[in-house]
$ cat coords29.cif   # mmCIF, C-alpha atoms
data_final
#
loop_
_atom_site.group_PDB
_atom_site.id
_atom_site.type_symbol
_atom_site.label_atom_id
_atom_site.label_comp_id
_atom_site.auth_asym_id
_atom_site.auth_seq_id
_atom_site.Cartn_x
_atom_site.Cartn_y
_atom_site.Cartn_z
ATOM 1 C CA ILE A 270 -61.145 -60.817 31.848
ATOM 2 C CA GLY A 271 -61.888 -57.191 31.129
ATOM 3 C CA CYS A 272 -60.341 -54.503 28.926
ATOM 4 C CA VAL A 273 -56.734 -54.752 27.996
ATOM 5 C CA SER A 274 -54.935 -51.833 26.374
ATOM 6 C CA SER A 275 -51.379 -51.551 25.179
ATOM 7 C CA THR A 276 -49.240 -48.525 24.449
ATOM 8 C CA ASN A 277 -48.358 -48.070 20.806
ATOM 9 C CA ASN A 278 -44.566 -47.605 20.372
ATOM 10 C CA CYS A 279 -44.087 -44.681 17.946
ATOM 11 C CA ASP A 280 -40.254 -44.582 18.091
ATOM 12 C CA ASP A 281 -39.017 -44.617 14.497
ATOM 13 C CA ASP A 282 -35.318 -44.883 15.594
ATOM 14 C CA ASN A 283 -34.592 -41.627 13.771
ATOM 15 C CA GLU A 284 -32.746 -39.039 15.865
ATOM 16 C CA CYS A 285 -33.979 -36.341 13.517
ATOM 17 C CA THR A 286 -37.654 -36.676 14.407
ATOM 18 C CA ILE A 287 -39.760 -35.983 17.461
ATOM 19 C CA ASP A 288 -42.020 -38.999 17.888
ATOM 20 C CA SER A 289 -45.470 -38.709 19.424
ATOM 21 C CA CYS A 290 -48.737 -40.574 19.512
ATOM 22 C CA ASP A 291 -52.207 -39.167 19.122
ATOM 23 C CA SER A 292 -55.089 -41.305 20.405
ATOM 24 C CA GLU A 293 -57.139 -40.559 17.326
ATOM 25 C CA SER A 294 -54.606 -40.362 14.499
ATOM 26 C CA GLY A 295 -51.797 -42.563 15.799
ATOM 27 C CA CYS A 296 -48.032 -42.011 15.511
ATOM 28 C CA HIS A 297 -46.591 -38.709 14.373
ATOM 29 C CA HIS A 298 -42.952 -38.056 13.403
ATOM 30 C CA GLU A 299 -42.175 -34.320 13.370
ATOM 31 C CA GLU A 300 -38.837 -33.202 11.940
ATOM 32 C CA TYR A 301 -36.440 -32.036 14.631
ATOM 33 C CA ILE A 302 -34.788 -28.707 13.747
ATOM 34 C CA CYS A 303 -31.130 -28.632 14.758
ATOM 35 C CA ASP A 304 -30.277 -24.984 15.441
ATOM 36 C CA ASP A 305 -27.552 -23.866 17.811
ATOM 37 C CA TYR A 306 -28.269 -20.175 16.965
ATOM 38 C CA ASN A 307 -24.678 -19.748 15.816
ATOM 39 C CA GLU A 308 -24.306 -18.324 12.291
ATOM 40 C CA CYS A 309 -20.812 -19.838 12.093
ATOM 41 C CA THR A 310 -22.071 -23.414 11.969
ATOM 42 C CA GLN A 311 -24.012 -25.422 9.430
ATOM 43 C CA ASP A 312 -26.630 -27.313 11.403
ATOM 44 C CA THR A 313 -27.719 -30.745 10.189
ATOM 45 C CA CYS A 314 -29.268 -33.836 11.659
ATOM 46 C CA GLU A 315 -27.481 -37.138 11.097
ATOM 47 C CA GLU A 316 -28.082 -40.660 12.361
ATOM 48 C CA GLU A 317 -26.311 -39.773 15.592
ATOM 49 C CA GLY A 318 -28.384 -36.618 16.037
ATOM 50 C CA CYS A 319 -27.571 -32.918 15.552
ATOM 51 C CA VAL A 320 -24.230 -32.070 13.982
ATOM 52 C CA TYR A 321 -22.872 -28.504 14.007
ATOM 53 C CA SER A 322 -20.140 -28.083 11.357
ATOM 54 C CA LYS A 323 -17.948 -24.994 11.395
ATOM 55 C CA ILE A 324 -18.373 -22.712 8.360
ATOM 56 C CA GLU A 325 -15.220 -21.599 6.504
ATOM 57 C CA CYS A 326 -15.454 -17.952 5.434
ATOM 58 C CA ILE A 327 -13.443 -17.840 2.216
ATOM 59 C CA ASP A 328 -14.535 -15.362 -0.454
ATOM 60 C CA ASP A 329 -11.667 -15.935 -2.965
ATOM 61 C CA ASP A 330 -10.941 -12.190 -2.994
ATOM 62 C CA LEU A 331 -7.300 -11.537 -2.085
ATOM 63 C CA CYS A 332 -8.204 -7.954 -1.172
ATOM 64 C CA THR A 333 -10.439 -8.863 1.744
ATOM 65 C CA GLU A 334 -10.006 -10.443 5.145
ATOM 66 C CA SER A 335 -12.865 -12.716 6.207
ATOM 67 C CA TYR A 336 -14.012 -14.076 9.538
ATOM 68 C CA CYS A 337 -17.159 -15.514 11.029
ATOM 69 C CA ASP A 338 -19.279 -13.616 13.533
ATOM 70 C CA PRO A 339 -21.635 -15.903 15.532
ATOM 71 C CA ASP A 340 -24.470 -13.368 15.177
ATOM 72 C CA GLU A 341 -23.931 -12.284 11.548
ATOM 73 C CA GLY A 342 -22.138 -15.163 9.835
ATOM 74 C CA CYS A 343 -19.328 -14.535 7.351
ATOM 75 C CA VAL A 344 -18.045 -10.965 7.335
ATOM 76 C CA SER A 345 -15.433 -9.514 4.960
ATOM 77 C CA TYR A 346 -13.555 -6.239 5.235
ATOM 78 C CA PRO A 347 -10.909 -4.602 2.998
ATOM 79 C CA LYS A 348 -7.369 -5.858 3.475
ATOM 80 C CA SER A 349 -4.748 -3.223 4.227
ATOM 81 C CA CYS A 350 -1.992 -3.236 1.620
ATOM 82 C CA ASP A 351 -0.071 -0.350 3.177
ATOM 83 C CA ASP A 352 3.597 -1.347 3.297
ATOM 84 C CA TYR A 353 4.365 1.807 5.328
ATOM 85 C CA ASN A 354 6.823 2.951 2.662
ATOM 86 C CA GLU A 355 6.071 6.464 1.397
ATOM 87 C CA CYS A 356 8.002 5.690 -1.796
ATOM 88 C CA THR A 357 5.468 3.150 -3.049
ATOM 89 C CA ASP A 358 1.915 3.386 -4.328
ATOM 90 C CA ASP A 359 0.007 0.516 -2.724
ATOM 91 C CA SER A 360 -3.076 -1.100 -4.226
ATOM 92 C CA CYS A 361 -4.876 -4.417 -4.295
ATOM 93 C CA ASP A 362 -6.015 -6.686 -7.109
ATOM 94 C CA SER A 363 -8.680 -9.225 -6.122
ATOM 95 C CA GLU A 364 -6.872 -12.013 -8.001
ATOM 96 C CA SER A 365 -3.202 -11.268 -7.268
ATOM 97 C CA GLY A 366 -3.481 -9.456 -3.910
ATOM 98 C CA CYS A 367 -1.440 -6.539 -2.592
ATOM 99 C CA GLN A 368 0.859 -4.688 -4.983
ATOM 100 C CA SER A 369 3.398 -1.955 -4.328
ATOM 101 C CA VAL A 370 4.714 0.131 -7.219
ATOM 102 C CA THR A 371 7.624 2.545 -6.788
ATOM 103 C CA THR A 372 6.419 6.152 -6.660
ATOM 104 C CA THR A 373 7.658 8.415 -9.439
ATOM 105 C CA CYS A 374 9.101 11.532 -7.828
ATOM 106 C CA GLU A 375 9.570 13.692 -10.905
ATOM 107 C CA ASP A 376 8.871 17.430 -10.815
ATOM 108 C CA ASP A 377 10.174 17.940 -14.397
ATOM 109 C CA LEU A 378 12.514 20.716 -13.254
ATOM 110 C CA ALA A 379 16.114 20.635 -14.487
ATOM 111 C CA CYS A 380 17.446 22.392 -11.380
ATOM 112 C CA THR A 381 16.301 19.846 -8.815
ATOM 113 C CA ASP A 382 17.245 16.283 -8.015
ATOM 114 C CA ASP A 383 14.086 14.331 -7.229
ATOM 115 C CA LEU A 384 14.480 11.850 -4.374
ATOM 116 C CA CYS A 385 12.303 9.707 -2.142
ATOM 117 C CA ASP A 386 12.606 8.795 1.535
ATOM 118 C CA SER A 387 10.609 5.796 2.787
ATOM 119 C CA GLN A 388 9.454 7.762 5.857
ATOM 120 C CA VAL A 389 8.745 11.150 4.231
ATOM 121 C CA GLY A 390 8.047 10.436 0.568
ATOM 122 C CA CYS A 391 9.121 12.587 -2.379
ATOM 123 C CA TYR A 392 11.354 15.603 -1.896
ATOM 124 C CA THR A 393 13.742 17.671 -4.016
ATOM 125 C CA VAL A 394 17.271 18.961 -3.577
ATOM 126 C CA THR A 395 18.594 21.939 -5.536
ATOM 127 C CA VAL A 396 21.143 20.901 -8.159
ATOM 128 C CA SER A 397 24.676 22.089 -7.468
ATOM 129 C CA CYS A 398 26.350 23.448 -10.587
ATOM 130 C CA ASP A 399 30.121 23.563 -10.196
ATOM 131 C CA PRO A 400 32.402 25.389 -12.663
ATOM 132 C CA LYS A 401 35.374 23.402 -13.967
ATOM 133 C CA ASP A 402 37.853 26.076 -12.825
ATOM 134 C CA ALA A 403 38.180 29.635 -11.478
ATOM 135 C CA CYS A 404 37.687 31.101 -14.944
ATOM 136 C CA GLU A 405 34.060 29.988 -15.176
ATOM 137 C CA THR A 406 30.818 30.700 -13.362
ATOM 138 C CA ALA A 407 28.069 28.108 -13.161
ATOM 139 C CA CYS A 408 24.364 28.375 -12.474
ATOM 140 C CA CYS A 409 21.213 26.417 -13.049
ATOM 141 C CA THR A 410 18.423 27.744 -15.226
ATOM 142 C CA GLU A 411 15.164 26.218 -16.373
ATOM 143 C CA PRO A 412 14.649 24.345 -18.584
ATOM 144 C CA THR A 413 18.249 23.603 -19.597
ATOM 145 C CA GLY A 414 19.847 22.900 -16.189
ATOM 146 C CA CYS A 415 23.476 23.672 -15.339
ATOM 147 C CA GLU A 416 25.216 26.201 -17.561
ATOM 148 C CA THR A 417 28.720 27.652 -17.379
ATOM 149 C CA LYS A 418 29.915 31.000 -18.643
ATOM 150 C CA PRO A 419 33.428 32.427 -18.795
ATOM 151 C CA VAL A 420 34.361 34.903 -16.084
ATOM 152 C CA VAL A 421 34.733 38.403 -17.488
ATOM 153 C CA CYS A 422 38.008 39.798 -16.180
ATOM 154 C CA ASP A 423 37.798 43.510 -17.007
ATOM 155 C CA ASP A 424 38.727 46.030 -14.359
ATOM 156 C CA ASN A 425 38.101 48.941 -16.802
ATOM 157 C CA ASN A 426 41.691 50.084 -16.298
ATOM 158 C CA GLU A 427 43.655 50.524 -19.505
ATOM 159 C CA CYS A 428 46.884 50.329 -17.564
ATOM 160 C CA THR A 429 46.374 46.659 -16.718
ATOM 161 C CA GLU A 430 46.389 43.517 -18.754
ATOM 162 C CA ASP A 431 43.332 41.470 -17.729
ATOM 163 C CA THR A 432 43.670 37.658 -17.827
ATOM 164 C CA CYS A 433 42.263 34.644 -16.032
ATOM 165 C CA ASP A 434 44.252 31.967 -14.226
ATOM 166 C CA PRO A 435 42.328 28.645 -13.936
ATOM 167 C CA GLU A 436 43.636 28.220 -10.364
ATOM 168 C CA THR A 437 43.111 31.701 -8.934
ATOM 169 C CA GLY A 438 40.724 33.507 -11.261
ATOM 170 C CA CYS A 439 41.140 37.035 -12.624
ATOM 171 C CA VAL A 440 44.642 38.497 -12.767
ATOM 172 C CA TYR A 441 45.277 42.194 -13.425
ATOM 173 C CA THR A 442 48.913 42.801 -14.442
ATOM 174 C CA HIS A 443 50.181 46.410 -14.551
ATOM 175 C CA ILE A 444 51.425 47.364 -18.015
ATOM 176 C CA ASP A 445 54.760 49.151 -18.078
ATOM 177 C CA ILE A 446 54.674 51.814 -20.723
ATOM 178 C CA ASP A 447 58.052 52.879 -22.054
ATOM 179 C CA ASP A 448 57.621 56.161 -23.873
ATOM 180 C CA GLY A 449 61.348 56.565 -24.393
ATOM 181 C CA ASN A 450 61.709 59.296 -21.789
ATOM 182 C CA GLU A 451 63.735 58.648 -18.876
#
$ encode --input "coords29.cif" --output "structure tokens"
Amino acid sequence: IGCVSSTNNCDDDNECTIDSCDSESGCHHEEYICDDYNECTQDTCEEEGCVYSKIECIDDDLCTESYCDPDEGCVSYPKSCDDYNECTDDSCDSESGCQSVTTTCEDDLACTDDLCDSQVGCYTVTVSCDPKDACETACCTEPTGCETKPVVCDDNNECTEDTCDPETGCVYTHIDIDDGNE
């Protein structure tokens, strides 16, 4: 009859191996490396073959934004906490996230009102000191603030009586002197 040879079947029914046969050493089962060259997938070999599972880029830091770059993998960058309000100081805490605290606009001067505008930020306005009537003057001085003083109604004329009317201010009334001569 002659020589009869048969082919050895080296298939191990495992999708994760490359099966081959060597005439001297027999069957070989080399591990198949599943790699899609995408850093945003976890590459594994299952019964059905290669499986490429998407990676979630979560770093548990509320002050960063994370995404996956196919060439680099997970990338994080600082989160912007700017609320675009110039009257707040914005910051970030990795556990509680963005925080905005009202800015203190205090110049410690008694003669200014300290205000804040969301577009401009802190600014001051000079305090207006108003007297209660026409017989007072008012001004602002540091560090006490508004002060009032009585108006001095003295025209340096001994022939007038100098008084102050709360409505009109200083009044100079001519004094009639009767010396008994007619």
$ resolve_selection --input "coords29.cif" --expression "the PyMOL selection byres ((chain A and resi 311-328) around 7)" --output "list in words"
Asn283, Glu284, Cys285, Cys303, Asp304, Cys309, Thr310, Asp329, Asp330, Ser335, Tyr336, Cys337 and Cys343 of chain A
$ residues_near_point --input "coords29.cif" --point "(35.1, 32.8, -17.4)" --cutoff "12 Å" --atoms "only C-alpha atoms" --output "PDB file with C-alpha atoms, keeping the file's coordinate frame"
ATOM      1  CA  PRO A 400      32.402  25.389 -12.663  1.00  0.00           C
ATOM      2  CA  LYS A 401      35.374  23.402 -13.967  1.00  0.00           C
ATOM      3  CA  ASP A 402      37.853  26.076 -12.825  1.00  0.00           C
ATOM      4  CA  ALA A 403      38.180  29.635 -11.478  1.00  0.00           C
ATOM      5  CA  CYS A 404      37.687  31.101 -14.944  1.00  0.00           C
ATOM      6  CA  GLU A 405      34.060  29.988 -15.176  1.00  0.00           C
ATOM      7  CA  THR A 406      30.818  30.700 -13.362  1.00  0.00           C
ATOM      8  CA  ALA A 407      28.069  28.108 -13.161  1.00  0.00           C
ATOM      9  CA  GLU A 416      25.216  26.201 -17.561  1.00  0.00           C
ATOM     10  CA  THR A 417      28.720  27.652 -17.379  1.00  0.00           C
ATOM     11  CA  LYS A 418      29.915  31.000 -18.643  1.00  0.00           C
ATOM     12  CA  PRO A 419      33.428  32.427 -18.795  1.00  0.00           C
ATOM     13  CA  VAL A 420      34.361  34.903 -16.084  1.00  0.00           C
ATOM     14  CA  VAL A 421      34.733  38.403 -17.488  1.00  0.00           C
ATOM     15  CA  CYS A 422      38.008  39.798 -16.180  1.00  0.00           C
ATOM     16  CA  ASP A 423      37.798  43.510 -17.007  1.00  0.00           C
ATOM     17  CA  ASP A 431      43.332  41.470 -17.729  1.00  0.00           C
ATOM     18  CA  THR A 432      43.670  37.658 -17.827  1.00  0.00           C
ATOM     19  CA  CYS A 433      42.263  34.644 -16.032  1.00  0.00           C
ATOM     20  CA  ASP A 434      44.252  31.967 -14.226  1.00  0.00           C
ATOM     21  CA  PRO A 435      42.328  28.645 -13.936  1.00  0.00           C
ATOM     22  CA  GLU A 436      43.636  28.220 -10.364  1.00  0.00           C
ATOM     23  CA  THR A 437      43.111  31.701  -8.934  1.00  0.00           C
ATOM     24  CA  GLY A 438      40.724  33.507 -11.261  1.00  0.00           C
ATOM     25  CA  CYS A 439      41.140  37.035 -12.624  1.00  0.00           C
TER      26      CYS A 439
END
$ closest_residue --input "coords29.cif" --among "A:Tyr353, A:Cys398, A:Cys361, A:Gly414" --to "Cys380 (chain A)" --atoms "all atoms listed in the file"
A:Gly414
$ atom_distance --input "coords29.cif" --atom1 "CA of Ile446 (chain A)" --atom2 "CA of Thr429 (chain A)"
10.6 Å
$ residues_around --input "coords29.cif" --residues "Asp340 (chain A)" --least-positions-apart "6" --cutoff "9 Å" --atoms "only C-alpha atoms" --output "PDB file with C-alpha atoms, in the coordinates of the input"
ATOM      1  CA  TYR A 306     -28.269 -20.175  16.965  1.00  0.00           C
ATOM      2  CA  ASN A 307     -24.678 -19.748  15.816  1.00  0.00           C
ATOM      3  CA  GLU A 308     -24.306 -18.324  12.291  1.00  0.00           C
ATOM      4  CA  CYS A 309     -20.812 -19.838  12.093  1.00  0.00           C
TER       5      CYS A 309
END
$ atom_distance --input "coords29.cif" --atom1 "CA of Val344 (chain A)" --atom2 "CA of Ser360 (chain A)"
21.3 Å
$ closest_residue --input "coords29.cif" --among "A:Glu364, A:Glu411, A:Asp445, A:Asp282" --to "Asp377 (chain A)" --atoms "all atoms listed in the file"
A:Glu411
$ build_atoms --input "coords29.cif" --residues "region 328-339 of chain A" --atoms "all heavy atoms" --output "tab-separated table (two decimals), in the frame of the given file"
chain	number	residue	atom	x	y	z
A	328	ASP	N	-13.81	-16.00	0.64
A	328	ASP	CA	-14.54	-15.36	-0.45
A	328	ASP	C	-13.72	-15.29	-1.74
A	328	ASP	O	-14.14	-14.70	-2.71
A	328	ASP	CB	-15.02	-13.97	-0.04
A	328	ASP	CG	-13.88	-13.01	0.26
A	328	ASP	OD1	-12.70	-13.39	0.10
A	328	ASP	OD2	-14.17	-11.87	0.65
A	329	ASP	N	-12.53	-15.89	-1.77
A	329	ASP	CA	-11.67	-15.94	-2.96
A	329	ASP	C	-11.29	-14.55	-3.48
A	329	ASP	O	-10.96	-14.39	-4.65
A	329	ASP	CB	-12.31	-16.76	-4.09
A	329	ASP	CG	-12.44	-18.22	-3.71
A	329	ASP	OD1	-11.57	-18.73	-2.98
A	329	ASP	OD2	-13.42	-18.86	-4.13
A	330	ASP	N	-11.36	-13.54	-2.63
A	330	ASP	CA	-10.94	-12.19	-2.99
A	330	ASP	C	-9.71	-11.88	-2.16
A	330	ASP	O	-9.80	-11.76	-0.94
A	330	ASP	CB	-12.07	-11.19	-2.70
A	330	ASP	CG	-11.72	-9.77	-3.14
A	330	ASP	OD1	-10.52	-9.46	-3.32
A	330	ASP	OD2	-12.65	-8.96	-3.28
A	331	LEU	N	-8.55	-11.76	-2.81
A	331	LEU	CA	-7.30	-11.54	-2.08
A	331	LEU	C	-7.19	-10.14	-1.50
A	331	LEU	O	-6.22	-9.83	-0.82
A	331	LEU	CB	-6.11	-11.82	-3.00
A	331	LEU	CG	-5.98	-13.28	-3.45
A	331	LEU	CD1	-4.81	-13.45	-4.40
A	331	LEU	CD2	-5.84	-14.21	-2.26
A	332	CYS	N	-8.21	-9.31	-1.72
A	332	CYS	CA	-8.20	-7.95	-1.17
A	332	CYS	C	-9.11	-7.82	0.06
A	332	CYS	O	-9.36	-6.71	0.51
A	332	CYS	CB	-8.64	-6.95	-2.24
A	332	CYS	SG	-7.45	-6.84	-3.59
A	333	THR	N	-9.61	-8.92	0.55
A	333	THR	CA	-10.44	-8.86	1.74
A	333	THR	C	-9.94	-9.86	2.78
A	333	THR	O	-9.32	-10.86	2.46
A	333	THR	CB	-11.92	-9.18	1.44
A	333	THR	OG1	-12.01	-10.50	0.91
A	333	THR	CG2	-12.52	-8.18	0.48
A	334	GLU	N	-10.22	-9.53	4.03
A	334	GLU	CA	-10.01	-10.44	5.14
A	334	GLU	C	-11.40	-10.90	5.56
A	334	GLU	O	-12.33	-10.11	5.61
A	334	GLU	CB	-9.33	-9.72	6.32
A	334	GLU	CG	-7.95	-9.16	6.01
A	334	GLU	CD	-6.87	-10.22	5.97
A	334	GLU	OE1	-7.12	-11.36	6.39
A	334	GLU	OE2	-5.77	-9.91	5.50
A	335	SER	N	-11.55	-12.18	5.85
A	335	SER	CA	-12.86	-12.72	6.21
A	335	SER	C	-12.79	-13.43	7.54
A	335	SER	O	-11.78	-14.03	7.89
A	335	SER	CB	-13.35	-13.70	5.13
A	335	SER	OG	-13.43	-13.07	3.89
A	336	TYR	N	-13.89	-13.35	8.28
A	336	TYR	CA	-14.01	-14.08	9.54
A	336	TYR	C	-15.49	-14.37	9.75
A	336	TYR	O	-16.35	-13.89	9.03
A	336	TYR	CB	-13.43	-13.28	10.70
A	336	TYR	CG	-14.22	-12.05	11.07
A	336	TYR	CD1	-15.16	-12.09	12.10
A	336	TYR	CD2	-14.04	-10.85	10.40
A	336	TYR	CE1	-15.90	-10.96	12.43
A	336	TYR	CE2	-14.78	-9.72	10.72
A	336	TYR	CZ	-15.70	-9.79	11.74
A	336	TYR	OH	-16.43	-8.69	12.07
A	337	CYS	N	-15.77	-15.18	10.76
A	337	CYS	CA	-17.16	-15.51	11.03
A	337	CYS	C	-17.59	-14.92	12.37
A	337	CYS	O	-16.91	-15.11	13.38
A	337	CYS	CB	-17.36	-17.03	11.03
A	337	CYS	SG	-19.10	-17.48	10.93
A	338	ASP	N	-18.69	-14.20	12.34
A	338	ASP	CA	-19.28	-13.62	13.53
A	338	ASP	C	-20.48	-14.49	13.92
A	338	ASP	O	-21.35	-14.71	13.08
A	338	ASP	CB	-19.73	-12.19	13.23
A	338	ASP	CG	-20.38	-11.52	14.42
A	338	ASP	OD1	-21.56	-11.84	14.70
A	338	ASP	OD2	-19.72	-10.69	15.07
A	339	PRO	N	-20.54	-15.00	15.15
A	339	PRO	CA	-21.64	-15.90	15.53
A	339	PRO	C	-23.03	-15.32	15.33
A	339	PRO	O	-23.99	-16.06	15.12
A	339	PRO	CB	-21.37	-16.17	17.02
A	339	PRO	CG	-19.93	-15.88	17.22
A	339	PRO	CD	-19.58	-14.81	16.23
